[in-house]
Amino acid sequence: MTRLKEKDINQIAETLVVYNNDLVRMTGCTLKEIAAQASGKKIDYLDRQNPLVAVVPMTCGQGIIEGFSESVASIITYLGFRTVITNNSDAGGVAEAVQEGAEILFMADDHRFVAINLKTGKVSDNGDATGKGYVTGLKHMCQGLEGKHVLLLGAGPVGNSAALTLVRYGALVTVFDIDLSASQRLRGVIEELGYSVQVETDLESALARHQIFVDACPAENVIELRYISKNTKIAAPGIPLGVQGLGVEQLLTDRLLHDPLQIGVATMLGEVL
Ligand code: 2YJ
């Protein structure tokens, strides 16, 4: 996850209903259904849970991102859970959350964004949850991924999680990363789990051969317009959007899954419930 800017997230809270409707149109699933499936839970299991969730602002490193805690809290509240943002930040915020009876904490510094269930000890990492959530959404957008060729761009934490989720859904995965050793490491991890992925070193050729993409790299304009056809489907976690050009979001209406926080946060919650 690239460090978010205030402008990336300042609309999240007031657009969640529209966001969810768009998601249903694209995938047939609500945000909560995607979070449940991606975390291997039934939706009614999620519906039966009633934990207090605390979001703790963290000042370390580059400090607070204006609106970050509020956006995270708004997503969790939208999913139907009791949510507070602690008045204190950092260690004081963790103490406050525990004293207020919170069972689940959400907090992010410059390196990790985690959800922690204080009762069970379960920890969910944003990168991992984002990979699972986006691929689950993509699976629905494509009416299943079994036997379908998918190009994964980026072999970082989101890419690794996306790769494993893709192969578990039966996709035939090719991975490209500008750092070949990262792709090779990803392939090693996947092979150890009994699956396989192809490593690609020629980005243009890989883009030209595929119609389904998971863009899990932080670069802009990786997927140029000439690689987009009427059958293209893209799951693009993270900011900035890696698809080229103004108006591309209109061109790819209902075929581009892209948001700054929603799917990742919702899946993190599903994972720790
Ligand atoms: O509490 C706050 O407002 C800030 N400390 C939030 C910081 C958010 N962190 C990031 O955007 C990091 N790039 C997170 C990296 C997570 C890797 N999956």
# chains A, B, ... in the order shown; residues from 1 in each chain; ligands from 1
>>> residues_near_ligand(ligand="ligand 1", cutoff="6 Å", atoms="only C-alpha atoms and all ligand atoms", output="list in words")
Met1, Thr2, Arg3, Leu4, Pro57, Met58, Thr59, Gly63, Ile64, Ile65, Phe68, Ser69, Ala108, Asp109, Asp110, His111, Arg112, Phe113, Asn126 and Gly127 of chain A
>>> write_last_selection(atoms="N, CA and C atoms", output="short mmCIF file (atom, residue, chain, number, x, y, z; two decimals), in the first residue's frame")
data_model
loop_
_atom_site.label_atom_id
_atom_site.label_comp_id
_atom_site.auth_asym_id
_atom_site.auth_seq_id
_atom_site.Cartn_x
_atom_site.Cartn_y
_atom_site.Cartn_z
N MET A 1 0.86 -1.20 0.00
CA MET A 1 0.00 0.00 0.00
C MET A 1 0.89 1.23 0.00
N THR A 2 0.76 2.03 -1.04
CA THR A 2 1.47 3.30 -1.09
C THR A 2 0.90 4.18 0.02
N ARG A 3 1.70 5.12 0.54
CA ARG A 3 1.15 6.00 1.56
C ARG A 3 0.01 6.83 0.96
N LEU A 4 -1.15 6.70 1.55
CA LEU A 4 -2.31 7.41 1.02
C LEU A 4 -2.20 8.90 1.31
N PRO A 57 -5.15 6.08 15.93
CA PRO A 57 -4.25 6.87 15.08
C PRO A 57 -2.80 6.69 15.53
N MET A 58 -1.88 6.66 14.57
CA MET A 58 -0.45 6.46 14.88
C MET A 58 0.35 7.65 14.36
N THR A 59 1.13 8.28 15.25
CA THR A 59 1.87 9.49 14.85
C THR A 59 3.31 9.19 14.42
N GLY A 63 3.72 10.22 10.32
CA GLY A 63 2.64 10.79 11.12
C GLY A 63 1.24 10.50 10.60
N ILE A 64 0.31 11.26 11.18
CA ILE A 64 -1.11 11.07 10.88
C ILE A 64 -1.40 11.45 9.43
N ILE A 65 -2.23 10.67 8.77
CA ILE A 65 -2.78 11.08 7.47
C ILE A 65 -4.18 11.61 7.77
N PHE A 68 -7.51 9.51 7.64
CA PHE A 68 -7.26 8.06 7.51
C PHE A 68 -8.09 7.27 8.52
N SER A 69 -7.95 7.61 9.81
CA SER A 69 -8.68 6.87 10.85
C SER A 69 -10.18 6.98 10.60
N ALA A 108 -2.21 1.71 11.79
CA ALA A 108 -1.24 1.70 10.69
C ALA A 108 -0.10 2.66 10.97
N ASP A 109 1.12 2.18 10.76
CA ASP A 109 2.26 3.10 10.72
C ASP A 109 2.75 3.15 9.27
N ASP A 110 4.00 3.53 9.05
CA ASP A 110 4.47 3.67 7.66
C ASP A 110 4.76 2.33 7.00
N HIS A 111 4.83 1.28 7.80
CA HIS A 111 5.24 -0.02 7.25
C HIS A 111 4.13 -1.06 7.24
N ARG A 112 3.30 -1.01 8.26
CA ARG A 112 2.24 -2.03 8.32
C ARG A 112 0.92 -1.42 8.72
N PHE A 113 -0.12 -2.03 8.20
CA PHE A 113 -1.49 -1.65 8.55
C PHE A 113 -2.14 -2.96 8.99
N ASN A 126 -2.90 -5.69 6.08
CA ASN A 126 -3.63 -5.06 4.97
C ASN A 126 -3.20 -5.61 3.60
N GLY A 127 -1.90 -5.83 3.42
CA GLY A 127 -1.43 -6.32 2.11
C GLY A 127 -2.04 -7.67 1.80
#
>>> residues_around(residues="A:Ser181", least_positions_apart="6", cutoff="10 Å", atoms="only C-alpha atoms", output="number ranges by chain")
A: 155, 187, 199
>>> closest_residue(among="A:Ala236, A:Leu251, A:Leu203, A:Leu269", to="A:Glu220", atoms="only C-alpha atoms")
A:Ala236
>>> residues_around(residues="stretch 26-35 of chain A", least_positions_apart="6", cutoff="6 Å", atoms="only C-alpha atoms", output="list in words")
Asn20, His140, Met141, Asp254, Ala266, Thr267 and Gly270 of chain A
>>> select_by_dssp(residues="stretch 78-246 of chain A", states="strand (DSSP E)", output="VMD selection string")
chain A and resid 82 to 85 104 to 108 113 to 117 123 to 125 149 to 153 172 to 176 198 to 199 212 to 215 233 to 235
>>> closest_residue(among="A:Ala115, A:Val53, A:Ala163, A:Ala97", to="A:Gly131", atoms="only C-alpha atoms")
A:Ala163
>>> atom_distance(atom1="atom CA of A:Ala216", atom2="atom CA of A:Phe176")
10.1 Å
>>> select_by_dssp(residues="stretch 123-175 of chain A", states="alpha helix (DSSP H)", output="MDAnalysis selection string")
chainID A and resid 126:141 157:168
>>> closest_residue(among="A:Pro51, A:Gly188, A:Gly156, A:Pro260", to="A:Asn10", atoms="only C-alpha atoms")
A:Pro260
>>> residues_around(residues="stretch 135-137 of chain A", least_positions_apart="6", cutoff="8 Å", atoms="only C-alpha atoms", output="list of chain:residue names")
A:Thr27, A:Cys29, A:Ile34, A:Gln37, A:Ala38, A:Ala162, A:Thr165, A:Leu166, A:Val214, A:Ala235, A:Leu257
>>> residues_around(residues="A:Thr253", least_positions_apart="6", cutoff="12 Å", atoms="only C-alpha atoms", output="number ranges by chain")
A: 22-23, 25-27, 141, 230-234, 247
>>> atom_distance(atom1="atom CA of A:Val272", atom2="atom CA of A:Lys42")
13.4 Å
>>> residues_around(residues="A:Asp259", least_positions_apart="2", cutoff="8 Å", atoms="only C-alpha atoms", output="CSV table (one decimal) with N, CA, C and O atoms, in the first residue's frame")
chain,number,residue,atom,x,y,z
A,236,ALA,N,-7.4,-3.7,-9.6
A,236,ALA,CA,-6.3,-2.8,-9.4
A,236,ALA,C,-6.3,-2.2,-7.9
A,236,ALA,O,-6.8,-1.1,-7.7
A,237,PRO,N,-5.8,-3.0,-7.0
A,237,PRO,CA,-5.7,-2.4,-5.6
A,237,PRO,C,-4.7,-1.3,-5.6
A,237,PRO,O,-3.7,-1.3,-6.3
A,238,GLY,N,-5.0,-0.4,-4.8
A,238,GLY,CA,-4.0,0.7,-4.5
A,238,GLY,C,-4.0,1.9,-5.4
A,238,GLY,O,-4.7,1.9,-6.4
A,239,ILE,N,-3.3,2.8,-4.9
A,239,ILE,CA,-3.2,4.2,-5.5
A,239,ILE,C,-1.8,4.4,-5.8
A,239,ILE,O,-0.9,4.1,-5.0
A,257,LEU,N,-12.0,-2.9,-10.9
A,257,LEU,CA,-12.1,-2.9,-9.5
A,257,LEU,C,-11.0,-2.1,-8.9
A,257,LEU,O,-9.8,-2.5,-9.1
A,261,LEU,N,-9.2,2.0,0.0
A,261,LEU,CA,-9.2,1.3,1.3
A,261,LEU,C,-10.3,0.2,1.5
A,261,LEU,O,-10.1,-0.7,2.3
A,262,GLN,N,-11.4,0.4,0.8
A,262,GLN,CA,-12.6,-0.3,1.2
A,262,GLN,C,-12.4,-1.9,1.2
A,262,GLN,O,-12.8,-2.5,2.3
A,263,ILE,N,-12.0,-2.5,0.1
A,263,ILE,CA,-12.0,-3.9,0.1
A,263,ILE,C,-10.9,-4.5,1.1
A,263,ILE,O,-11.1,-5.4,1.8
>>> atom_distance(atom1="atom CA of A:Asp179", atom2="atom CA of A:Asp128")
19.7 Å
>>> closest_residue(among="A:Arg209, A:Val265, A:Leu186, A:His258", to="A:Asp8", atoms="only C-alpha atoms")
A:His258
